[in-house]
Every structure is written in structure tokens, then in C-alpha cells.
>>> print(open('my_file-v9.tsv').read())   # TSV, C-alpha atoms
chain	number	residue	atom	x	y	z
A	16	MET	CA	0.00	0.00	0.00
A	17	SER	CA	1.37	3.41	-0.88
A	18	LYS	CA	1.94	6.03	1.79
A	19	ALA	CA	-0.75	8.36	0.43
A	20	ILE	CA	-3.44	5.69	0.69
A	21	ARG	CA	-2.35	4.72	4.21
A	22	PHE	CA	-3.09	8.27	5.39
A	23	ALA	CA	-6.38	8.53	3.53
A	24	PRO	CA	-8.60	7.38	6.46
A	25	LEU	CA	-6.93	9.92	8.78
A	26	ALA	CA	-7.45	12.70	6.23
A	27	LEU	CA	-11.07	11.65	5.84
A	28	LEU	CA	-11.56	11.72	9.61
A	29	LEU	CA	-10.06	15.20	9.83
A	30	LEU	CA	-12.33	16.36	7.02
A	31	VAL	CA	-15.40	15.06	8.86
A	32	ILE	CA	-14.29	16.75	12.11
A	33	VAL	CA	-13.73	20.07	10.31
A	34	ALA	CA	-17.18	19.82	8.72
A	35	LEU	CA	-18.83	19.05	12.07
A	36	VAL	CA	-17.05	21.90	13.89
A	37	TRP	CA	-17.99	24.32	11.08
A	38	ARG	CA	-21.66	23.33	11.23
A	39	LEU	CA	-21.67	23.68	15.04
A	40	ALA	CA	-20.12	27.15	14.78
A	41	THR	CA	-22.55	28.35	12.09
A	42	PRO	CA	-25.95	26.79	12.90
A	43	VAL	CA	-28.49	26.25	10.14
A	44	ASP	CA	-31.50	28.56	9.87
A	45	THR	CA	-34.32	26.17	10.80
A	46	ASN	CA	-37.04	28.73	10.03
A	47	VAL	CA	-39.26	27.82	7.10
A	48	HIS	CA	-39.66	30.95	4.97
A	49	SER	CA	-42.81	31.51	2.96
A	50	LYS	CA	-42.30	31.29	-0.81
A	51	LEU	CA	-45.04	33.84	-1.41
A	52	GLY	CA	-42.69	36.84	-1.09
A	53	GLY	CA	-43.12	39.12	-4.14
A	54	ARG	CA	-46.47	37.47	-4.93
A	55	PRO	CA	-50.01	38.63	-4.17
A	56	VAL	CA	-51.75	37.62	-0.95
A	57	PRO	CA	-53.97	34.62	-1.84
A	58	PHE	CA	-57.69	35.41	-1.93
A	59	PHE	CA	-59.30	34.90	1.48
A	60	THR	CA	-62.19	35.92	3.72
A	61	LEU	CA	-62.31	35.29	7.45
A	62	ALA	CA	-64.99	35.43	10.11
A	63	ALA	CA	-64.61	38.31	12.57
A	64	ALA	CA	-62.64	37.33	15.66
A	65	LEU	CA	-64.69	39.71	17.84
A	66	PRO	CA	-68.20	41.12	17.35
A	67	THR	CA	-66.89	44.60	18.14
A	68	LYS	CA	-64.17	44.66	15.51
A	69	PRO	CA	-64.22	44.41	11.68
A	70	THR	CA	-62.64	41.34	10.13
A	71	VAL	CA	-59.89	41.29	7.53
A	72	SER	CA	-60.04	39.89	3.99
A	73	SER	CA	-57.58	39.88	1.08
A	74	THR	CA	-59.27	42.93	-0.48
A	75	ASP	CA	-58.57	44.95	2.69
A	76	LEU	CA	-54.86	44.41	2.07
A	77	ALA	CA	-54.70	46.25	-1.27
A	78	THR	CA	-55.66	49.77	-0.28
A	79	GLY	CA	-52.79	51.72	-1.83
A	80	GLN	CA	-50.86	51.87	1.43
A	81	PRO	CA	-48.48	49.26	2.88
A	82	ARG	CA	-49.88	47.35	5.86
A	83	LEU	CA	-48.51	45.06	8.53
A	84	VAL	CA	-50.36	41.76	8.88
A	85	ASN	CA	-49.65	40.14	12.24
A	86	ILE	CA	-50.36	36.44	12.80
A	87	PHE	CA	-50.91	35.98	16.53
A	88	ALA	CA	-52.95	34.22	19.22
A	89	SER	CA	-53.93	34.84	22.82
A	90	TRP	CA	-52.29	31.54	23.86
A	91	CYS	CA	-48.95	32.51	22.29
A	92	VAL	CA	-46.45	33.65	24.91
A	93	PRO	CA	-44.08	35.77	22.72
A	94	CYS	CA	-47.16	37.56	21.33
A	95	VAL	CA	-47.66	39.26	24.73
A	96	SER	CA	-44.42	41.21	24.47
A	97	GLU	CA	-44.83	41.72	20.72
A	98	VAL	CA	-48.18	43.52	21.12
A	99	LYS	CA	-46.42	46.30	23.05
A	100	VAL	CA	-43.99	46.80	20.17
A	101	LEU	CA	-46.91	46.78	17.73
A	102	GLN	CA	-48.56	49.53	19.83
A	103	GLY	CA	-45.44	51.62	19.24
A	104	LEU	CA	-45.66	50.98	15.48
A	105	LYS	CA	-49.35	51.91	15.52
A	106	SER	CA	-48.57	55.23	17.25
A	107	ARG	CA	-46.17	55.95	14.37
A	108	GLY	CA	-49.06	55.54	11.94
A	109	VAL	CA	-48.47	51.95	10.80
A	110	PRO	CA	-51.80	50.24	9.94
A	111	ILE	CA	-51.84	46.78	11.52
A	112	ASP	CA	-54.29	43.94	10.85
A	113	GLY	CA	-54.40	40.81	12.96
A	114	ILE	CA	-55.00	37.17	12.06
A	115	ASP	CA	-55.97	35.32	15.21
A	116	ILE	CA	-54.99	31.64	15.11
A	117	ARG	CA	-57.04	28.93	16.89
A	118	ASP	CA	-58.59	31.28	19.42
A	119	ARG	CA	-61.79	31.91	21.37
A	120	PRO	CA	-63.42	35.37	21.48
A	121	ALA	CA	-63.39	35.43	25.30
A	122	ASP	CA	-59.65	34.61	25.43
A	123	LEU	CA	-58.89	37.20	22.75
A	124	THR	CA	-60.90	39.94	24.53
A	125	ASP	CA	-59.00	39.16	27.72
A	126	PHE	CA	-55.64	39.22	25.89
A	127	LEU	CA	-56.35	42.61	24.24
A	128	ALA	CA	-57.68	44.12	27.50
A	129	ARG	CA	-54.54	43.06	29.34
A	130	ASN	CA	-51.87	43.83	26.73
A	131	GLY	CA	-53.38	46.53	24.52
A	132	ASP	CA	-54.97	46.47	21.08
A	133	PRO	CA	-52.92	47.76	18.12
A	134	TYR	CA	-55.18	46.12	15.48
A	135	GLU	CA	-57.49	47.89	13.03
A	136	ARG	CA	-59.13	44.62	12.03
A	137	ILE	CA	-58.91	41.07	13.35
A	138	GLY	CA	-59.94	37.96	11.45
A	139	SER	CA	-60.32	34.56	13.07
A	140	ASP	CA	-58.46	31.54	11.66
A	141	PRO	CA	-59.67	28.70	13.92
A	142	GLN	CA	-58.04	25.87	11.95
A	143	SER	CA	-54.89	27.61	10.70
A	144	GLN	CA	-56.18	27.39	7.11
A	145	LEU	CA	-55.15	30.94	6.17
A	146	GLN	CA	-51.87	30.51	8.02
A	147	ILE	CA	-51.07	27.50	5.81
A	148	ALA	CA	-52.28	29.35	2.68
A	149	LEU	CA	-49.80	32.16	3.50
A	150	GLY	CA	-46.89	29.75	3.98
A	151	SER	CA	-46.54	30.69	7.63
A	152	SER	CA	-45.30	28.09	10.09
A	153	GLY	CA	-46.08	29.47	13.54
A	154	VAL	CA	-47.07	32.34	15.82
A	155	PRO	CA	-46.07	35.10	15.95
A	156	GLU	CA	-45.26	35.97	12.37
A	157	SER	CA	-45.81	39.17	10.40
A	158	PHE	CA	-46.11	40.04	6.73
A	159	ILE	CA	-45.61	43.44	5.13
A	160	VAL	CA	-48.11	43.79	2.28
A	161	ASP	CA	-47.77	46.71	-0.15
A	162	GLY	CA	-50.58	48.91	-1.51
A	163	LYS	CA	-51.27	46.46	-4.35
A	164	GLY	CA	-51.64	43.49	-2.02
A	165	ILE	CA	-48.20	42.01	-2.82
A	166	ILE	CA	-46.29	40.33	0.05
A	167	ARG	CA	-43.01	42.21	0.44
A	168	TYR	CA	-41.54	40.84	3.64
A	169	GLN	CA	-42.10	38.03	6.15
A	170	HIS	CA	-40.93	38.38	9.74
A	171	ILE	CA	-40.65	35.05	11.57
A	172	GLY	CA	-41.00	35.28	15.35
A	173	ALA	CA	-41.90	38.27	17.51
A	174	ILE	CA	-41.06	41.79	16.31
A	175	GLU	CA	-38.70	43.05	19.04
A	176	ALA	CA	-38.16	46.71	19.92
A	177	SER	CA	-34.79	46.46	18.14
A	178	ASP	CA	-36.55	45.38	14.92
A	179	VAL	CA	-38.69	48.55	14.73
A	180	PRO	CA	-36.30	50.66	12.55
A	181	MET	CA	-35.91	47.72	10.14
A	182	ILE	CA	-39.70	47.21	9.95
A	183	LEU	CA	-40.22	50.94	9.29
A	184	THR	CA	-37.63	50.82	6.49
A	185	LYS	CA	-39.34	47.78	4.95
A	186	LEU	CA	-42.70	49.59	5.10
A	187	GLU	CA	-41.13	52.66	3.48
A	188	GLN	CA	-39.66	50.46	0.72
A	189	ALA	CA	-43.09	48.89	0.13
A	190	LYS	CA	-44.64	52.29	-0.66
B	28	MET	CA	-29.83	10.88	50.64
B	29	ASN	CA	-32.53	13.51	50.88
B	30	ARG	CA	-34.84	13.15	47.94
B	31	LEU	CA	-37.64	15.33	49.27
B	32	PRO	CA	-36.75	18.64	47.52
B	33	PHE	CA	-36.37	16.76	44.25
B	34	LEU	CA	-39.78	15.08	44.60
B	35	LEU	CA	-41.40	18.40	45.53
B	36	ALA	CA	-39.86	19.99	42.44
B	37	ILE	CA	-41.41	17.25	40.27
B	38	LEU	CA	-44.82	17.94	41.85
B	39	LEU	CA	-44.43	21.63	41.04
B	40	ALA	CA	-43.62	21.01	37.36
B	41	GLN	CA	-46.37	22.21	35.00
B	42	PRO	CA	-46.91	21.44	31.32
B	43	LEU	CA	-45.84	24.27	29.04
B	44	LEU	CA	-49.00	25.85	27.64
B	45	ALA	CA	-47.71	26.31	24.12
B	46	ASP	CA	-50.85	25.06	22.38
B	47	SER	CA	-54.24	26.64	21.89
B	48	SER	CA	-57.27	25.57	23.91
B	49	LEU	CA	-59.35	24.72	20.83
B	50	PRO	CA	-60.02	21.03	20.04
B	51	PRO	CA	-58.27	19.43	17.01
B	52	ALA	CA	-59.78	20.14	13.57
B	53	TYR	CA	-62.59	17.75	12.54
B	54	TRP	CA	-60.58	15.62	10.09
B	55	ALA	CA	-57.29	15.85	11.99
B	56	ASN	CA	-57.66	12.46	13.71
B	57	ARG	CA	-60.64	10.99	11.87
B	58	GLN	CA	-60.57	8.77	8.80
B	59	LEU	CA	-62.49	9.60	5.65
B	60	PRO	CA	-65.52	7.30	5.16
B	61	ASP	CA	-64.29	6.27	1.69
B	62	PRO	CA	-61.33	3.86	2.21
B	63	ARG	CA	-59.81	4.68	-1.21
B	64	GLN	CA	-59.82	8.40	-0.48
B	65	GLU	CA	-58.43	7.75	3.01
B	66	ALA	CA	-55.60	5.67	1.52
B	67	LYS	CA	-54.71	8.52	-0.85
B	68	ALA	CA	-54.80	11.06	1.98
B	69	GLU	CA	-52.63	8.87	4.22
B	70	ALA	CA	-50.05	8.30	1.51
B	71	LEU	CA	-49.76	12.07	1.01
B	72	MET	CA	-49.70	12.86	4.74
B	73	ALA	CA	-46.79	10.45	5.21
B	74	GLU	CA	-44.79	12.52	2.69
B	75	VAL	CA	-45.61	16.01	3.97
B	76	ARG	CA	-43.14	17.35	6.49
B	77	CYS	CA	-44.38	18.87	9.74
B	78	LEU	CA	-43.51	22.56	10.18
B	79	VAL	CA	-43.31	22.27	13.95
B	80	CYS	CA	-41.51	18.95	14.54
B	81	GLN	CA	-39.28	19.28	11.53
B	82	GLY	CA	-38.06	15.67	11.44
B	83	GLN	CA	-41.55	14.15	11.33
B	84	SER	CA	-44.25	13.79	8.73
B	85	ILE	CA	-47.61	15.35	9.54
B	86	ALA	CA	-49.00	11.80	9.77
B	87	ASP	CA	-46.70	11.15	12.76
B	88	SER	CA	-46.76	14.55	14.42
B	89	ASP	CA	-48.95	15.55	17.35
B	90	ALA	CA	-48.48	19.28	16.69
B	91	GLU	CA	-51.67	21.29	16.25
B	92	LEU	CA	-50.51	22.72	12.94
B	93	ALA	CA	-49.90	19.16	11.67
B	94	GLY	CA	-53.48	18.27	12.70
B	95	ASP	CA	-54.78	21.30	10.81
B	96	MET	CA	-52.76	20.24	7.74
B	97	ARG	CA	-54.18	16.69	7.92
B	98	ASP	CA	-57.65	18.27	8.07
B	99	LEU	CA	-56.84	20.39	5.01
B	100	ILE	CA	-55.53	17.38	3.05
B	101	ARG	CA	-58.51	15.12	3.93
B	102	ARG	CA	-60.99	17.88	3.02
B	103	ARG	CA	-59.34	18.46	-0.34
B	104	ILE	CA	-59.08	14.75	-1.16
B	105	ALA	CA	-62.76	14.33	-0.21
B	106	ALA	CA	-63.57	17.22	-2.57
B	107	GLY	CA	-61.91	15.26	-5.38
B	108	GLU	CA	-58.58	17.08	-5.61
B	109	LYS	CA	-55.56	15.02	-6.73
B	110	PRO	CA	-52.78	14.40	-4.17
B	111	SER	CA	-50.19	15.78	-6.63
B	112	ALA	CA	-52.18	19.05	-6.88
B	113	ILE	CA	-52.33	19.38	-3.09
B	114	ARG	CA	-48.60	18.68	-2.82
B	115	GLY	CA	-47.98	21.33	-5.49
B	116	TRP	CA	-50.12	23.83	-3.58
B	117	LEU	CA	-48.07	23.23	-0.41
B	118	VAL	CA	-44.72	23.38	-2.28
B	119	GLN	CA	-45.81	26.74	-3.75
B	120	ARG	CA	-46.11	28.05	-0.19
B	121	TYR	CA	-43.31	26.33	1.71
B	122	GLY	CA	-40.92	25.23	-1.04
B	123	THR	CA	-39.75	21.66	-1.73
B	124	TRP	CA	-38.78	21.59	1.96
B	125	ILE	CA	-42.35	20.56	2.81
B	126	SER	CA	-42.28	17.36	0.72
B	127	TYR	CA	-40.35	14.22	1.66
B	128	LYS	CA	-40.67	12.82	-1.86
B	129	PRO	CA	-37.32	13.21	-3.66
B	130	THR	CA	-37.59	15.53	-6.66
B	131	ASP	CA	-35.72	15.60	-9.98
B	132	GLU	CA	-34.36	19.10	-9.28
B	133	PRO	CA	-30.61	19.61	-9.84
B	134	ALA	CA	-30.12	19.80	-6.04
B	135	ALA	CA	-31.26	16.16	-5.79
B	136	TRP	CA	-29.08	14.81	-8.62
B	137	PRO	CA	-26.24	13.69	-6.31
B	138	LEU	CA	-28.83	11.59	-4.46
B	139	TRP	CA	-29.89	9.80	-7.66
B	140	LEU	CA	-26.33	9.41	-8.97
B	141	ALA	CA	-24.73	8.27	-5.69
B	142	PRO	CA	-25.69	4.55	-6.09
B	143	PHE	CA	-23.98	4.40	-9.50
B	144	GLY	CA	-20.90	6.16	-8.12
B	145	LEU	CA	-20.71	3.72	-5.20
B	146	LEU	CA	-21.11	0.78	-7.59
B	147	LEU	CA	-18.15	2.04	-9.67
B	148	VAL	CA	-16.00	2.42	-6.54
B	149	GLY	CA	-16.96	-1.14	-5.52
B	150	LEU	CA	-16.07	-2.55	-8.94
B	151	TRP	CA	-12.72	-0.78	-8.80
B	152	PHE	CA	-11.96	-2.40	-5.42
B	153	VAL	CA	-13.00	-5.85	-6.64
B	154	ARG	CA	-10.79	-5.50	-9.72
B	155	ARG	CA	-7.82	-4.55	-7.57
B	156	ARG	CA	-8.40	-7.49	-5.23
B	157	ILE	CA	-8.63	-9.98	-8.09
B	158	GLY	CA	-5.54	-8.50	-9.72
B	159	GLN	CA	-3.52	-8.82	-6.47
B	160	ARG	CA	-4.55	-12.46	-5.94
B	161	ARG	CA	-3.54	-13.42	-9.48
B	162	ARG	CA	-0.13	-11.84	-9.00
B	163	GLY	CA	0.21	-13.36	-5.51
>>> encode(input="my_file-v9.tsv", output="C-alpha cells")
Amino acid sequence: MSKAIRFAPLALLLLVIVALVWRLATPVDTNVHSKLGGRPVPFFTLAAALPTKPTVSSTDLATGQPRLVNIFASWCVPCVSEVKVLQGLKSRGVPIDGIDIRDRPADLTDFLARNGDPYERIGSDPQSQLQIALGSSGVPESFIVDGKGIIRYQHIGAIEASDVPMILTKLEQAK
Amino acid sequence: MNRLPFLLAILLAQPLLADSSLPPAYWANRQLPDPRQEAKAEALMAEVRCLVCQGQSIADSDAELAGDMRDLIRRRIAAGEKPSAIRGWLVQRYGTWISYKPTDEPAAWPLWLAPFGLLLVGLWFVRRRIGQRRRG
């Protein structure tokens, strides 16, 4: 056996170790991103989540002005802190619509009374059907939809206070 | 050994309330009355990847979103839609990531070609072995 071949297993082992260490140091993005970016919001209508608030449909999302569509739920823990950030966005004039996943009106009323209500409209999605149609994989998630109803940006996870400038820039770009 | 604090801690443990309080969707855990439609739905559900438990198919997963996807698939199959059309609809939204069925996209070519490559390597080894024995 030649010398080169004798060292081949060792070289192979080193290669595997280097690959493993590299993958550990730079973890994979396990978020599943919606493929609908740059495409129109699919047609939908939803029942109102609360009797006191209008519901949201796909035609409400093409009003000539970019909007933030927030997918949330009263049972979602990160949504509690996100609502406060959304209040801040609302006070800066950002129109926000909510899609309430698998929720009950009583729980939602309680959630909004306790944490604040930044939503202009809230539609109810009791079996995640719209969530799946949008290519969303969890709560909370947000979409920026431009004035023509085209999805411009998907935010996976809660919008943190540090994300606000980026969200405002994305909304500006969607104008 | 004093186990009391440990046992008390176990008693205090609560399940994490990360799911909604609504019951599962109607067709999430219920078979379609038509066995042929149910077989089609089950075959598709075994090949659709769960968004929550990313190593499982939605047929295996207990996640609520997986239940809602099973409901969606059974409803569409019952309405007469083809499994390939439903898979296409999901791929349009989540990318090929969502499907466990290997595609013929360029990214999957190494997967299809690997068996032939391994066969060639094996033949090369066998040839070498036979050659050595003849000389020896």
C-alpha cells in the first residue's frame, strides 16, 4: 500500500471533524420561509374574531398603502411582548391587521384588554387554514403587504423593539 | 440521601402551555368514510413534512398545525382534488422543503447518482483485489 493511501482514512476523519465543527459554529436557519414573497396575498375571507371589531379579507390588504399583517394568538407567549412593540408601530401611523390563530373570542378579549390592542381589524383563523395558505409556520409571524396586495416581507418570530427601525424601512420600501 | 426537595420539584412542574385551547380540527384524527380516499390522503400525509416537529411527517406529528394540515388534506381529497395538486399547492407556499418525496431538481441529482458512483467504486476495489490475488 502506498503512503498516500495509508493516510487517507486519517485525512477523511479530519475532514469530517472540520465539517462538524464548522456546522456547530454556524448553525443552520431552521425557520421555514414563505415562498409567497413578491407574490399577491392569496384570496381569502375570514370570520370576525370579535363582534366589536371588523374582520380582515384579502381585499382589505390592497388599499394603496403598505400594511402590517400580524399572525398571533392569545395563547402565544411571545405575542404578549410583541403587542407592546406593535402599539409603538401603531402610534407611528403603521396600519396593523391581525389574524388570530385557533382562538376563542373570550380569550382574545382578555388578551387585548390586558396587553393593549394595536389592530385595526382582526380575522379569526380557527383551523390555521389561512396561516397555511400564507406559507406561515407558527405564531407570531408578520407580513408586510404593499398597496397592491403584494407580500413584500415576512418576519418570523416576535417583532422586538430592536426590529422597529428595520420594519419601518421595509414599510417605506413597500410604498 | 434527601430526595424530598427533588420530589417536591417534580410535583411543582407544570406542562408548558404552548398550544391553543381549541379542540383538534374535525378531520385531523378521523378517517375519511371512503377507504380509497383515506388511503390517498394517508399516503400524502406520510410525505408532507411537519412545520413544527421538523423531522416528522404530519402523519406522525402531534403538533396542532400538523393536525390542521391533515384536516386540510382530507378535506381536499374528499372534494376530489388530486394528491399531486395538493402537494404542489403546499410546495408553492413552503418550497420543496415541505415534501419528503425526492424531486428531480438539480439539487437532488447527487442523491440519484450516488448509487452508480458507489457501484463504480466497488467494482474498482474488486478488480484490484482480483488482480492482487492473481499476481500473488
>>> closest_atom_pairs(input="my_file-v9.tsv", of="chain B", to="chain A", cutoff="7 Å", atoms="all atoms listed in the file", output="Markdown table")
| residue | atom | partner | partner_atom | distance |
| --- | --- | --- | --- | --- |
| B:Ala45 | CA | A:Cys91 | CA | 6.6 |
| B:Asp46 | CA | A:Trp90 | CA | 6.8 |
| B:Ser47 | CA | A:Trp90 | CA | 5.6 |
| B:Leu49 | CA | A:Arg117 | CA | 6.2 |
| B:Ala52 | CA | A:Gln142 | CA | 6.2 |
| B:Leu78 | CA | A:Ser152 | CA | 5.8 |
| B:Leu92 | CA | A:Ser143 | CA | 6.9 |
| B:Asp95 | CA | A:Gln142 | CA | 5.7 |
| B:Gln119 | CA | A:Lys50 | CA | 6.5 |
| B:Arg120 | CA | A:Gly150 | CA | 4.6 |
| B:Tyr121 | CA | A:Ser49 | CA | 5.4 |
| B:Gly122 | CA | A:Lys50 | CA | 6.2 |
>>> residues_around(input="my_file-v9.tsv", residues="Phe158 in chain A", least_positions_apart="5", cutoff="10 Å", atoms="only C-alpha atoms", output="PDB file with C-alpha atoms, in the coordinates of the input")
ATOM      1  CA  SER A  49     -42.810  31.510   2.960  1.00  0.00           C
ATOM      2  CA  GLY A  52     -42.690  36.840  -1.090  1.00  0.00           C
ATOM      3  CA  VAL A  56     -51.750  37.620  -0.950  1.00  0.00           C
ATOM      4  CA  ARG A  82     -49.880  47.350   5.860  1.00  0.00           C
ATOM      5  CA  LEU A  83     -48.510  45.060   8.530  1.00  0.00           C
ATOM      6  CA  VAL A  84     -50.360  41.760   8.880  1.00  0.00           C
ATOM      7  CA  ASN A  85     -49.650  40.140  12.240  1.00  0.00           C
ATOM      8  CA  ILE A  86     -50.360  36.440  12.800  1.00  0.00           C
ATOM      9  CA  ASP A 112     -54.290  43.940  10.850  1.00  0.00           C
ATOM     10  CA  LEU A 149     -49.800  32.160   3.500  1.00  0.00           C
ATOM     11  CA  SER A 151     -46.540  30.690   7.630  1.00  0.00           C
ATOM     12  CA  ILE A 165     -48.200  42.010  -2.820  1.00  0.00           C
ATOM     13  CA  ILE A 166     -46.290  40.330   0.050  1.00  0.00           C
ATOM     14  CA  ARG A 167     -43.010  42.210   0.440  1.00  0.00           C
ATOM     15  CA  TYR A 168     -41.540  40.840   3.640  1.00  0.00           C
ATOM     16  CA  GLN A 169     -42.100  38.030   6.150  1.00  0.00           C
ATOM     17  CA  HIS A 170     -40.930  38.380   9.740  1.00  0.00           C
ATOM     18  CA  ILE A 171     -40.650  35.050  11.570  1.00  0.00           C
TER      19      ILE A 171
END
>>> residues_near_point(input="my_file-v9.tsv", point="(-55.0, 50.3, 2.8)", cutoff="10 Å", atoms="only C-alpha atoms", output="list in words")
Thr74, Asp75, Leu76, Ala77, Thr78, Gly79, Gln80, Pro81, Arg82, Pro110, Ile111, Val160, Asp161, Gly162, Lys163 and Gly164 of chain A
>>> residues_around(input="my_file-v9.tsv", residues="Cys77 in chain B", least_positions_apart="5", cutoff="7 Å", atoms="only C-alpha atoms", output="JSON, numbers by chain")
{"B": [83, 84, 85, 88, 93]}
>>> write_last_selection(input="my_file-v9.tsv", atoms="C-alpha atoms", output="PDB file, in the frame of the given file")
ATOM      1  CA  GLN B  83     -41.550  14.150  11.330  1.00  0.00           C
ATOM      2  CA  SER B  84     -44.250  13.790   8.730  1.00  0.00           C
ATOM      3  CA  ILE B  85     -47.610  15.350   9.540  1.00  0.00           C
ATOM      4  CA  SER B  88     -46.760  14.550  14.420  1.00  0.00           C
ATOM      5  CA  ALA B  93     -49.900  19.160  11.670  1.00  0.00           C
TER       6      ALA B  93
END
>>> residues_around(input="my_file-v9.tsv", residues="Arg76 in chain B", least_positions_apart="3", cutoff="8 Å", atoms="only C-alpha atoms", output="list in words")
Ala73, Gln81, Gly82, Gln83, Ser84, Ile85, Trp124, Ile125, Ser126 and Tyr127 of chain B
>>> axis_aligned_box(input="my_file-v9.tsv", around="range 118-127 of chain B", padding_each_side="5 Å", output="AutoDock Vina command-line options")
--center_x -42.4 --center_y 21.1 --center_z -0.5 --size_x 17.3 --size_y 23.8 --size_z 16.6
>>> closest_residue(input="my_file-v9.tsv", among="A:Leu127, A:Val100, A:Ile137, A:Ala121", to="Ala176 in chain A", atoms="all atoms listed in the file")
A:Val100
>>> closest_residue(input="my_file-v9.tsv", among="A:Phe58, A:Phe22, A:Trp37, A:Tyr134", to="Lys105 in chain A", atoms="only C-alpha atoms")
A:Tyr134
>>> atom_distance(input="my_file-v9.tsv", atom1="CA of Gly103 in chain A", atom2="CA of Asn130 in chain A")
12.6 Å
>>> closest_residue(input="my_file-v9.tsv", among="A:Gly172, A:Thr67, A:Asp132, A:Glu156", to="Ser106 in chain A", atoms="all atoms listed in the file")
A:Asp132
>>> residues_around(input="my_file-v9.tsv", residues="Val71 in chain A", least_positions_apart="3", cutoff="8 Å", atoms="all atoms listed in the file", output="list in words")
Thr60, Leu61, Ala63, Asp75, Asp112, Gly113, Ile114, Arg136, Ile137 and Gly138 of chain A
>>> residues_around(input="my_file-v9.tsv", residues="Asn56 in chain B", least_positions_apart="3", cutoff="10 Å", atoms="only C-alpha atoms", output="PyMOL selection string")
chain B and resi 51-53+59+86+89+94-95+97-98
>>> atom_distance(input="my_file-v9.tsv", atom1="CA of Pro60 in chain B", atom2="CA of Leu99 in chain B")
15.7 Å
>>> atom_distance(input="my_file-v9.tsv", atom1="CA of Ile174 in chain A", atom2="CA of Leu101 in chain A")
7.8 Å
>>> closest_residue(input="my_file-v9.tsv", among="A:Pro55, A:Pro66, A:Pro24, A:Pro93", to="Ile159 in chain A", atoms="only C-alpha atoms")
A:Pro55
>>> closest_residue(input="my_file-v9.tsv", among="A:Arg54, A:Ala62, A:Ser157, A:Leu39", to="Asp140 in chain A", atoms="all atoms listed in the file")
A:Ala62
>>> build_atoms(input="my_file-v9.tsv", residues="range 61-76 of chain A", atoms="N, CA and C atoms", output="PDB file, keeping the file's coordinate frame")
ATOM      1  N   LEU A  61     -62.315  35.909   6.122  1.00  0.00           N
ATOM      2  CA  LEU A  61     -62.310  35.290   7.450  1.00  0.00           C
ATOM      3  C   LEU A  61     -63.506  35.797   8.241  1.00  0.00           C
ATOM      4  N   ALA A  62     -63.958  34.971   9.189  1.00  0.00           N
ATOM      5  CA  ALA A  62     -64.990  35.430  10.110  1.00  0.00           C
ATOM      6  C   ALA A  62     -64.342  36.417  11.081  1.00  0.00           C
ATOM      7  N   ALA A  63     -65.141  37.351  11.608  1.00  0.00           N
ATOM      8  CA  ALA A  63     -64.610  38.310  12.570  1.00  0.00           C
ATOM      9  C   ALA A  63     -64.222  37.572  13.847  1.00  0.00           C
ATOM     10  N   ALA A  64     -63.076  37.973  14.428  1.00  0.00           N
ATOM     11  CA  ALA A  64     -62.640  37.330  15.660  1.00  0.00           C
ATOM     12  C   ALA A  64     -63.437  37.838  16.848  1.00  0.00           C
ATOM     13  N   LEU A  65     -63.904  39.099  16.760  1.00  0.00           N
ATOM     14  CA  LEU A  65     -64.690  39.710  17.840  1.00  0.00           C
ATOM     15  C   LEU A  65     -65.897  40.410  17.218  1.00  0.00           C
ATOM     16  N   PRO A  66     -67.028  40.423  17.905  1.00  0.00           N
ATOM     17  CA  PRO A  66     -68.200  41.120  17.350  1.00  0.00           C
ATOM     18  C   PRO A  66     -67.999  42.635  17.267  1.00  0.00           C
ATOM     19  N   THR A  67     -67.067  43.151  18.064  1.00  0.00           N
ATOM     20  CA  THR A  67     -66.890  44.600  18.140  1.00  0.00           C
ATOM     21  C   THR A  67     -65.881  45.135  17.143  1.00  0.00           C
ATOM     22  N   LYS A  68     -65.263  44.234  16.357  1.00  0.00           N
ATOM     23  CA  LYS A  68     -64.170  44.660  15.510  1.00  0.00           C
ATOM     24  C   LYS A  68     -64.360  44.137  14.097  1.00  0.00           C
ATOM     25  N   PRO A  69     -64.068  44.946  13.041  1.00  0.00           N
ATOM     26  CA  PRO A  69     -64.220  44.410  11.680  1.00  0.00           C
ATOM     27  C   PRO A  69     -63.205  43.300  11.414  1.00  0.00           C
ATOM     28  N   THR A  70     -63.555  42.419  10.497  1.00  0.00           N
ATOM     29  CA  THR A  70     -62.640  41.340  10.130  1.00  0.00           C
ATOM     30  C   THR A  70     -61.768  41.782   8.960  1.00  0.00           C
ATOM     31  N   VAL A  71     -60.802  40.948   8.603  1.00  0.00           N
ATOM     32  CA  VAL A  71     -59.890  41.290   7.530  1.00  0.00           C
ATOM     33  C   VAL A  71     -60.059  40.285   6.390  1.00  0.00           C
ATOM     34  N   SER A  72     -60.007  40.784   5.149  1.00  0.00           N
ATOM     35  CA  SER A  72     -60.040  39.890   3.990  1.00  0.00           C
ATOM     36  C   SER A  72     -58.952  40.340   3.028  1.00  0.00           C
ATOM     37  N   SER A  73     -58.701  39.549   1.979  1.00  0.00           N
ATOM     38  CA  SER A  73     -57.580  39.880   1.080  1.00  0.00           C
ATOM     39  C   SER A  73     -57.784  41.235   0.405  1.00  0.00           C
ATOM     40  N   THR A  74     -59.048  41.638   0.183  1.00  0.00           N
ATOM     41  CA  THR A  74     -59.270  42.930  -0.480  1.00  0.00           C
ATOM     42  C   THR A  74     -58.913  44.111   0.429  1.00  0.00           C
ATOM     43  N   ASP A  75     -58.955  43.891   1.755  1.00  0.00           N
ATOM     44  CA  ASP A  75     -58.570  44.950   2.690  1.00  0.00           C
ATOM     45  C   ASP A  75     -57.068  45.203   2.679  1.00  0.00           C
ATOM     46  N   LEU A  76     -56.320  44.306   2.026  1.00  0.00           N
ATOM     47  CA  LEU A  76     -54.860  44.410   2.070  1.00  0.00           C
ATOM     48  C   LEU A  76     -54.295  45.055   0.812  1.00  0.00           C
TER      49      LEU A  76
END
